[in-house]
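K.L.:
Quick one: this structure, given as structure tokens, is what I'll be asking you about.
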Amino acid sequence: MKKKLLKPPSSNGEIIILPDRVSFLGGVTRAHTIGVAHQPHFFHPGIAVKFLTLEAAPRGKKEIVFLDAESVRLGVKIPARCSPRVPELRAVEFINTERLMYDYPAPSENSFSQFLGRIEAVLREASPRGLKECISNFLTFKEIVMARTGRKLLREILAESFIEYYGLQMPYHFLSEILRGDEFHDLFSRIYADHKKFSDVFNSALDEYRKEFRFRYRNFPFPRLGEDELPFWVVRDGVRARCFKKEVDAGGIKNLVIFPRATTLTLFLRLYRFDFFIHGVGGWNYEWIQDRIIERFFKKTPPPYAAASGTFLLDSLADRELPYFLFSPREIRQRVREFMSPGQSAKIKGGITKSIDQQQNTENNK
């Protein structure tokens with residue numbers, strides 16, 4: 001039987017936190033570091049669930065890593081009309097460039113003001129039914145952003161605005177800063193020194209994954225590593241490019257800008273940064289591959305990880321990809337805390353969480 005991938009919840013207000021609360025917390029002590037990572041973009045509120053799950057964990061050292069190694073592409077989809085018959089969304093674009101976020105300068109105060117002003121105009125022109133609270137939430141967010149437009153880099157504005165909007169009280173770092181340390185150099189050097197074995201392990205695990213889940217797409221979830229190819233990006237002239245062993249010197253890595261690719265990123269965070277890692281739905285699915293790489297190449301027992309996600313919808317709009325600043329952070333935080341509180345999750349109505357087995361059984365019965 002084909003294995004099923006974990007999918008986001010289908011019902012409005014429903015969240016998934018896996019494994020169950022007892023298993024989630026059973027292996028975490030005060031000395032353990034637990035963490036979450038994501039790009040500091042205008043992601044949907046379901047992504048915020050993993051940050052709030054980290055916040056609600058009663059023990060462990062907590063840390064957020066904001067990923068700033070991707071191209072700067074900022075824009076949002078905003079409700080332009082909330083008619084039950086003809087729901088409509090409008091795209092409001094801000095920045096679309098191949099330049100990477102880690103050193104991208106902050107746009108001017110006027111640029112931010114114009115972008116946020118366009119969002120507000122679309123919201124106010126839409127039918128007010130169901131959008132009054134959205135406008136209120138957005139205006140709170142707008143004020144937070146505009147108070148930070150004097151920051152030097154765009155990533156600082158985005159990260160700080162999200163942190164304040166949700167009132168998070170946890171330390172955070174940017175990936176590009178962490179990668180300057182000896183830990184990333186160690187990971188790179190180990191793979192560089194034995195790249196043929198790593199490539200064989202990676203490609204075989206990828207093939208097994210595609211067979212297990214019956215995927216036929218050539219590059220899903222990751223492309224295979226080619227001959228002499230390393231699982232990293234090398235940055236040249238501000239743009240990422242594939243990294244090949246013959247092009248880089250392991251001893252000179254600190255003089256280059258090197259970023260991990262998707263699978264190497266979670267390998268690094270799980271092996272060097274965190275004792276317990278909280279994924280979203282997509283990352284949870286891909287750890288099937290990472291676990292086998294950790295076992296076969298690094299000869300270690302894979303560290304534990306969890307998944308946390310949610311679905312939050314506006315009236316008459318089934319799209320779950322709307323930006324987080326349209327939704328109340330208080331309501332989403334309360335949903336997460338209800339699950340993470342002792343003795344509460346079993347009492348909650350509306351199916352606040354479901355196991356992966358329950359979700360797979362539902363899919364199989366369709």
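Please note that chains go A, B, ... in the order of the structure tokens, that every chain numbers its residues from 1, and that ligands are numbered from 1 in the order shown.
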Each residue of range 225-288 of chain A with at least one atom at most 12 Å from range 63-83 of chain A should appear once, together with its nearest atom pair and the corresponding distance in Å (one decimal); atoms considered: only C-alpha atoms; ordering: chain, then increasing residue number; output as JSON lines.
P.N.:
{"residue": "A:Phe232", "atom": "CA", "partner": "A:Ala69", "partner_atom": "CA", "distance": 11.2}
{"residue": "A:Trp233", "atom": "CA", "partner": "A:Ala69", "partner_atom": "CA", "distance": 9.2}
{"residue": "A:Val234", "atom": "CA", "partner": "A:Ala69", "partner_atom": "CA", "distance": 10.6}
{"residue": "A:Val235", "atom": "CA", "partner": "A:Ala69", "partner_atom": "CA", "distance": 9.6}
{"residue": "A:Gly238", "atom": "CA", "partner": "A:Ser71", "partner_atom": "CA", "distance": 9.4}
{"residue": "A:Val239", "atom": "CA", "partner": "A:Ser71", "partner_atom": "CA", "distance": 8.1}
{"residue": "A:Arg240", "atom": "CA", "partner": "A:Glu70", "partner_atom": "CA", "distance": 8.2}
{"residue": "A:Ala241", "atom": "CA", "partner": "A:Glu70", "partner_atom": "CA", "distance": 11.4}
{"residue": "A:Val257", "atom": "CA", "partner": "A:Ala69", "partner_atom": "CA", "distance": 10.1}
{"residue": "A:Ile258", "atom": "CA", "partner": "A:Ala69", "partner_atom": "CA", "distance": 9.4}
{"residue": "A:Phe259", "atom": "CA", "partner": "A:Ala69", "partner_atom": "CA", "distance": 6.7}
{"residue": "A:Pro260", "atom": "CA", "partner": "A:Ala69", "partner_atom": "CA", "distance": 8.6}
{"residue": "A:Arg261", "atom": "CA", "partner": "A:Ala69", "partner_atom": "CA", "distance": 9.3}
{"residue": "A:Ala262", "atom": "CA", "partner": "A:Ala69", "partner_atom": "CA", "distance": 10.4}
{"residue": "A:Leu265", "atom": "CA", "partner": "A:Leu67", "partner_atom": "CA", "distance": 9.6}
{"residue": "A:Thr266", "atom": "CA", "partner": "A:Leu67", "partner_atom": "CA", "distance": 11.3}
{"residue": "A:Leu269", "atom": "CA", "partner": "A:Val65", "partner_atom": "CA", "distance": 9.3}
{"residue": "A:Arg273", "atom": "CA", "partner": "A:Glu63", "partner_atom": "CA", "distance": 9.5}
{"residue": "A:Phe274", "atom": "CA", "partner": "A:Glu63", "partner_atom": "CA", "distance": 8.6}
{"residue": "A:Asp275", "atom": "CA", "partner": "A:Glu63", "partner_atom": "CA", "distance": 11.2}
{"residue": "A:Phe276", "atom": "CA", "partner": "A:Glu63", "partner_atom": "CA", "distance": 10.7}
{"residue": "A:Phe277", "atom": "CA", "partner": "A:Glu63", "partner_atom": "CA", "distance": 10.0}
{"residue": "A:Ile278", "atom": "CA", "partner": "A:Ile64", "partner_atom": "CA", "distance": 10.2}
{"residue": "A:His279", "atom": "CA", "partner": "A:Ile64", "partner_atom": "CA", "distance": 11.8}
K.L.:
Tell me, as an MDAnalysis selection string, which residues lie within 9 Å of Glu133 in chain A, counting only C-alpha atoms; anything in the same chain fewer than 3 positions away does not count.
P.N.:
chainID A and resid 130 136:138 326:328
K.L.:
Taking only C-alpha atoms into account, which of A:Arg330, A:Arg242, A:Arg296, A:Arg335 comes nearest Asn12 in chain A?
P.N.:
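Among the listed residues, A:Arg335 lies closest to Asn12 in chain A.
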K.L.:
If you run DSSP on the backbone here, which positions in range 252-353 of chain A get helix (DSSP H, G or I)? Please write them as a PyMOL selection string.
P.N.:
chain A and resi 252-255+262-273+281-296+324-326+329-340+345-347
K.L.:
If you take only C-alpha atoms and a cut-off of 8 Å, which residues of range 229-273 of chain A touch range 185-190 of chain A, and what are their nearest atom pairs and distances in Å to one decimal, in chain and number order, as CSV?
P.N.:
residue,atom,partner,partner_atom,distance
A:Ala250,CA,A:Ser189,CA,6.0
A:Ile253,CA,A:His185,CA,7.2
A:Lys254,CA,A:His185,CA,7.7
A:Phe268,CA,A:Leu187,CA,7.1
K.L.:
To one decimal place in Å, what is the distance between CA of Pro223 in chain A and CA of Ala306 in chain A?
P.N.:
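Interatomic distance, CA of Pro223 in chain A to CA of Ala306 in chain A: 24.6 Å.
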K.L.:
Rank A:Phe198, A:Leu153, A:Arg90, A:Phe51 by their smallest atom-to-atom distance to His38 in chain A, using only C-alpha atoms, and report the top residue only.
P.N.:
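Looking only at the distances to His38 in chain A, the closest residue turns out to be A:Phe51.
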K.L.:
Name all residues at most 9 Å from Phe312 in chain A (count only C-alpha atoms; drop same-chain ones fewer than 5 positions away) and give them as a PyMOL selection string.
P.N.:
chain A and resi 11-15+44-46+319-322+327+332
K.L.:
Counting only C-alpha atoms, what is within 7 Å of Thr29 in chain A, bar same-chain residues fewer than 3 positions away, as number ranges by chain?
P.N.:
A: 32, 59-60
K.L.:
Using CA of Ile16 in chain A and CA of Ala308 in chain A as the two end points, give the distance in Å to one decimal.
P.N.:
5.5 Å
K.L.:
Can you pull out every residue within 12 Å of Lys197 in chain A, counting only C-alpha atoms, but drop anything in the same chain fewer than 3 positions away, and send it as a ChimeraX atom specification?
P.N.:
/A:190-194,200-204,225,227-230,293,296-298
K.L.:
Mind writing the picked residues with C-alpha atoms as a PDB file, in the first residue's frame?
P.N.:
ATOM      1  CA  ARG A 190      32.821  15.948   6.614  1.00  0.00           C
ATOM      2  CA  ILE A 191      30.672  15.858   3.508  1.00  0.00           C
ATOM      3  CA  TYR A 192      33.417  17.397   1.361  1.00  0.00           C
ATOM      4  CA  ALA A 193      35.978  14.807   2.502  1.00  0.00           C
ATOM      5  CA  ASP A 194      33.716  11.859   1.727  1.00  0.00           C
ATOM      6  CA  ASP A 200      25.506   7.515  -2.708  1.00  0.00           C
ATOM      7  CA  VAL A 201      23.697   7.570   0.653  1.00  0.00           C
ATOM      8  CA  PHE A 202      21.656  10.638  -0.300  1.00  0.00           C
ATOM      9  CA  ASN A 203      20.634   9.355  -3.722  1.00  0.00           C
ATOM     10  CA  SER A 204      19.754   5.866  -2.464  1.00  0.00           C
ATOM     11  CA  LEU A 225      23.115  14.847  -6.539  1.00  0.00           C
ATOM     12  CA  GLU A 227      28.766  13.691 -10.100  1.00  0.00           C
ATOM     13  CA  ASP A 228      31.112  15.839  -7.991  1.00  0.00           C
ATOM     14  CA  GLU A 229      28.082  17.813  -6.698  1.00  0.00           C
ATOM     15  CA  LEU A 230      27.874  18.865  -3.058  1.00  0.00           C
ATOM     16  CA  ILE A 293      21.240   9.883   5.963  1.00  0.00           C
ATOM     17  CA  ARG A 296      23.970   5.649   7.251  1.00  0.00           C
ATOM     18  CA  PHE A 297      26.445   8.478   6.754  1.00  0.00           C
ATOM     19  CA  PHE A 298      26.853  10.045  10.191  1.00  0.00           C
TER      20      PHE A 298
END
K.L.:
Pick from A:Ser111, A:Leu54, A:Leu123, A:Gly251: nearest to Phe24 in chain A, with only C-alpha atoms counted?
P.N.:
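Ranked by minimum distance to Phe24 in chain A, first place goes to A:Leu54.
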K.L.:
Using backbone DSSP assignments, extract all strand (DSSP E or B) residues from range 5-35 of chain A; output them as a PyMOL selection string.
P.N.:
chain A and resi 15-18+33-35
K.L.:
Using only C-alpha atoms, find the one residue out of A:Leu206, A:Thr311, A:Ile34, A:Asn255 that sits nearest to Val281 in chain A.
P.N.:
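Once distances to Val281 in chain A are computed over only C-alpha atoms, the minimum belongs to A:Thr311.
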K.L.:
My list of candidates is A:Ala318, A:Ala31, A:Leu131, A:Ala91. Which is closest to Ile119 in chain A when distances are computed with only C-alpha atoms?
P.N.:
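That would be A:Ala91, the residue with the smallest distance to Ile119 in chain A.
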K.L.:
Would you please work out which residue, of A:Cys134, A:Leu5, A:Ala159, A:Met146, is nearest to Leu314 in chain A when using only C-alpha atoms?
P.N.:
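For Leu314 in chain A, the nearest of the given residues is A:Cys134.
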